[in-house]
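Chemist: My questions all concern the structure below.
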Amino acid sequence: MKKRIIIGLWSMAIVLTGALSACSTDDDNWAQNPTLPTAIVTLKKNSADHLILQLNDSVQLYPVNLAHSPYGDKEVRAFVNYRRPTDSELRNGIYADMENVYVTWVDSIRTKGMIPPIKEEDKAGLRQDPVEIVNDWTTVCEDGYLTLRFRTYFSTGIRHELNLAPGVEPFDVVLYHNAKGDLNGEVHDGVIAFRLDKLPETDKDTVTLTLHWNSFSGVKSTKFTYRVRK
């Protein structure tokens, strides 16, 4: 992940665990630990040039204390911690058609587009070093993005490269991992998001997206419901 932007007084580290649950706007879920992410969102603009937090394929949140993205005009995926605004905070702005939230902090996730389809003669030169995909709430396909929590060996100062390319079938995608020779070290997790911008056009509202990758125990795959972003 990249730098974190603190909105207010909090300056504590995120701890990602499998015990975390996805965000809900139900009343019982507003009492959140301020050091942990409430959700993964897409930071985007609305028609009035105000920042919107896209919570999933259909739900948008309106941050009353954050008019513009701390990452400029680039649309990115991000961890965010938010809470219900107080009455005084709602005086800063309110949007009747969305859930109004007060953002405590936001931490961007590395967000990139897909690479073009790999020609058969080029596949031999593209690394597929082993990596595991972690099955928890941070691995999700929504809002036109595939966000993945991955696990592999890391050494200090070596930056791994991950790319997502179209597969053989129309809605198959392949994760390519280049460890840059870093095949030992300690096991750590990372999170990366890919904009699904190389998938074919479709008239369907939803399709099944299949992800393929090379794990430490061989080639694996998993399926997601992909709701086509209009």
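Letters for chains follow the order of the structure tokens (A, B, ...), residue numbers begin at 1 for each chain, and ligand numbers begin at 1 in the order shown.
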Give me the residues near Val207 in chain A as a list in words, where near means some atom within 10 Å (using only C-alpha atoms) and where sequence neighbours in that chain fewer than 6 positions away do not count.

Modeler: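 Everything that qualifies: Phe171, Phe224, Thr225, Tyr226, Arg227 and Val228 of chain A.
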
Chemist: Residues near range 38-41 of chain A, anyone? I mean within 8 Å using only C-alpha atoms, not counting same-chain ones fewer than 2 positions away, as JSON, numbers by chain.

Modeler: {"A": [22, 23, 32, 36, 43, 53, 54, 55, 56, 77, 78, 79, 80, 81, 82, 138]}

Chemist: So which residues touch Thr156 in chain A within 12 Å, counting only C-alpha atoms, skipping near sequence neighbours fewer than 4 positions away, as JSON, numbers by chain?

Modeler: {"A": [160, 182, 184, 185, 186, 187, 188]}

Chemist: Write the residues of the selection above to a file with N, CA and C atoms, as a compact mmCIF listing (two decimals), in the first residue's frame.

Modeler:
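File result13.txt, as written:
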# COMPACT_ATOMS: atom_id res chain seq x y z
N HIS A 160 8.26 -6.44 -5.70
CA HIS A 160 7.74 -7.42 -6.64
C HIS A 160 6.83 -6.74 -7.67
N ASP A 182 13.41 -12.61 -5.63
CA ASP A 182 13.18 -12.61 -4.18
C ASP A 182 12.28 -13.79 -3.81
N ASN A 184 12.91 -16.01 -1.20
CA ASN A 184 13.09 -16.46 0.17
C ASN A 184 12.52 -15.41 1.12
N GLY A 185 13.35 -14.90 2.03
CA GLY A 185 12.87 -13.85 2.93
C GLY A 185 11.79 -14.35 3.87
N GLU A 186 10.90 -13.45 4.28
CA GLU A 186 9.80 -13.76 5.18
C GLU A 186 8.47 -13.68 4.44
N VAL A 187 7.50 -14.42 4.93
CA VAL A 187 6.18 -14.42 4.31
C VAL A 187 5.41 -13.19 4.78
N HIS A 188 4.93 -12.41 3.81
CA HIS A 188 4.11 -11.23 4.12
C HIS A 188 2.95 -11.15 3.13

Chemist: Which residues, written as a PDB file with N, CA and C atoms, in the first residue's frame, have at least one atom at most 10 Å from Gln60 in chain A, with only C-alpha atoms counted and residues fewer than 6 positions away on the same chain left out?

Modeler:
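Below is the file that was written, around.pdb:
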ATOM      1  N   VAL A  41     -12.914   0.853  -0.733  1.00  0.00           N
ATOM      2  CA  VAL A  41     -13.777   1.659  -1.583  1.00  0.00           C
ATOM      3  C   VAL A  41     -13.008   2.104  -2.818  1.00  0.00           C
ATOM      4  N   THR A  42     -13.734   2.641  -3.787  1.00  0.00           N
ATOM      5  CA  THR A  42     -13.122   3.344  -4.912  1.00  0.00           C
ATOM      6  C   THR A  42     -13.306   4.836  -4.687  1.00  0.00           C
ATOM      7  N   LYS A  44     -13.712   8.266  -6.226  1.00  0.00           N
ATOM      8  CA  LYS A  44     -14.085   8.805  -7.531  1.00  0.00           C
ATOM      9  C   LYS A  44     -14.853  10.104  -7.331  1.00  0.00           C
ATOM     10  N   ILE A  52     -16.553  10.908  -3.969  1.00  0.00           N
ATOM     11  CA  ILE A  52     -17.514   9.880  -3.599  1.00  0.00           C
ATOM     12  C   ILE A  52     -16.752   8.598  -3.276  1.00  0.00           C
ATOM     13  N   LEU A  53     -17.211   7.880  -2.275  1.00  0.00           N
ATOM     14  CA  LEU A  53     -16.630   6.581  -1.928  1.00  0.00           C
ATOM     15  C   LEU A  53     -17.566   5.500  -2.462  1.00  0.00           C
ATOM     16  N   GLN A  54     -17.122   4.772  -3.477  1.00  0.00           N
ATOM     17  CA  GLN A  54     -17.930   3.690  -4.049  1.00  0.00           C
ATOM     18  C   GLN A  54     -17.704   2.451  -3.202  1.00  0.00           C
ATOM     19  N   ASP A  97     -29.291  11.570  -1.024  1.00  0.00           N
ATOM     20  CA  ASP A  97     -29.466  10.286  -1.700  1.00  0.00           C
ATOM     21  C   ASP A  97     -28.377   9.269  -1.370  1.00  0.00           C
ATOM     22  N   MET A  98     -27.433   9.615  -0.487  1.00  0.00           N
ATOM     23  CA  MET A  98     -26.347   8.695  -0.118  1.00  0.00           C
ATOM     24  C   MET A  98     -26.203   8.624   1.390  1.00  0.00           C
ATOM     25  N   GLU A  99     -25.528   7.592   1.834  1.00  0.00           N
ATOM     26  CA  GLU A  99     -25.138   7.515   3.246  1.00  0.00           C
ATOM     27  C   GLU A  99     -24.029   8.522   3.489  1.00  0.00           C
ATOM     28  N   ASN A 100     -24.249   9.438   4.426  1.00  0.00           N
ATOM     29  CA  ASN A 100     -23.246  10.440   4.754  1.00  0.00           C
ATOM     30  C   ASN A 100     -22.318   9.891   5.828  1.00  0.00           C
TER      31      ASN A 100
END

Chemist: What's the 8 Å shell around Pro130 in chain A, counting only C-alpha atoms, without same-chain residues fewer than 5 positions away, as a PDB file with C-alpha atoms, in the first residue's frame?

Modeler:
ATOM      1  CA  THR A 152       4.476 -14.546  -0.750  1.00  0.00           C
ATOM      2  CA  HIS A 177       4.049 -12.440 -10.469  1.00  0.00           C
ATOM      3  CA  TRP A 213      -2.399 -17.976 -10.817  1.00  0.00           C
ATOM      4  CA  ASN A 214       0.661 -20.065 -10.004  1.00  0.00           C
ATOM      5  CA  SER A 215       0.626 -20.957  -6.287  1.00  0.00           C
ATOM      6  CA  PHE A 216       3.267 -22.686  -4.177  1.00  0.00           C
TER       7      PHE A 216
END

Chemist: Return as a list in words the full set of residues in range 41-191 of chain A whose backbone-based DSSP assignment is alpha helix (DSSP H).

Modeler: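 For range 41-191 of chain A, the alpha helix (DSSP H) set is Asp87, Ser88, Glu89 and Leu90 of chain A.
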
Chemist: Report, in Å to a single decimal, how far apart CA of Ala193 in chain A and CA of Asp107 in chain A are.

Modeler: 13.0 Å
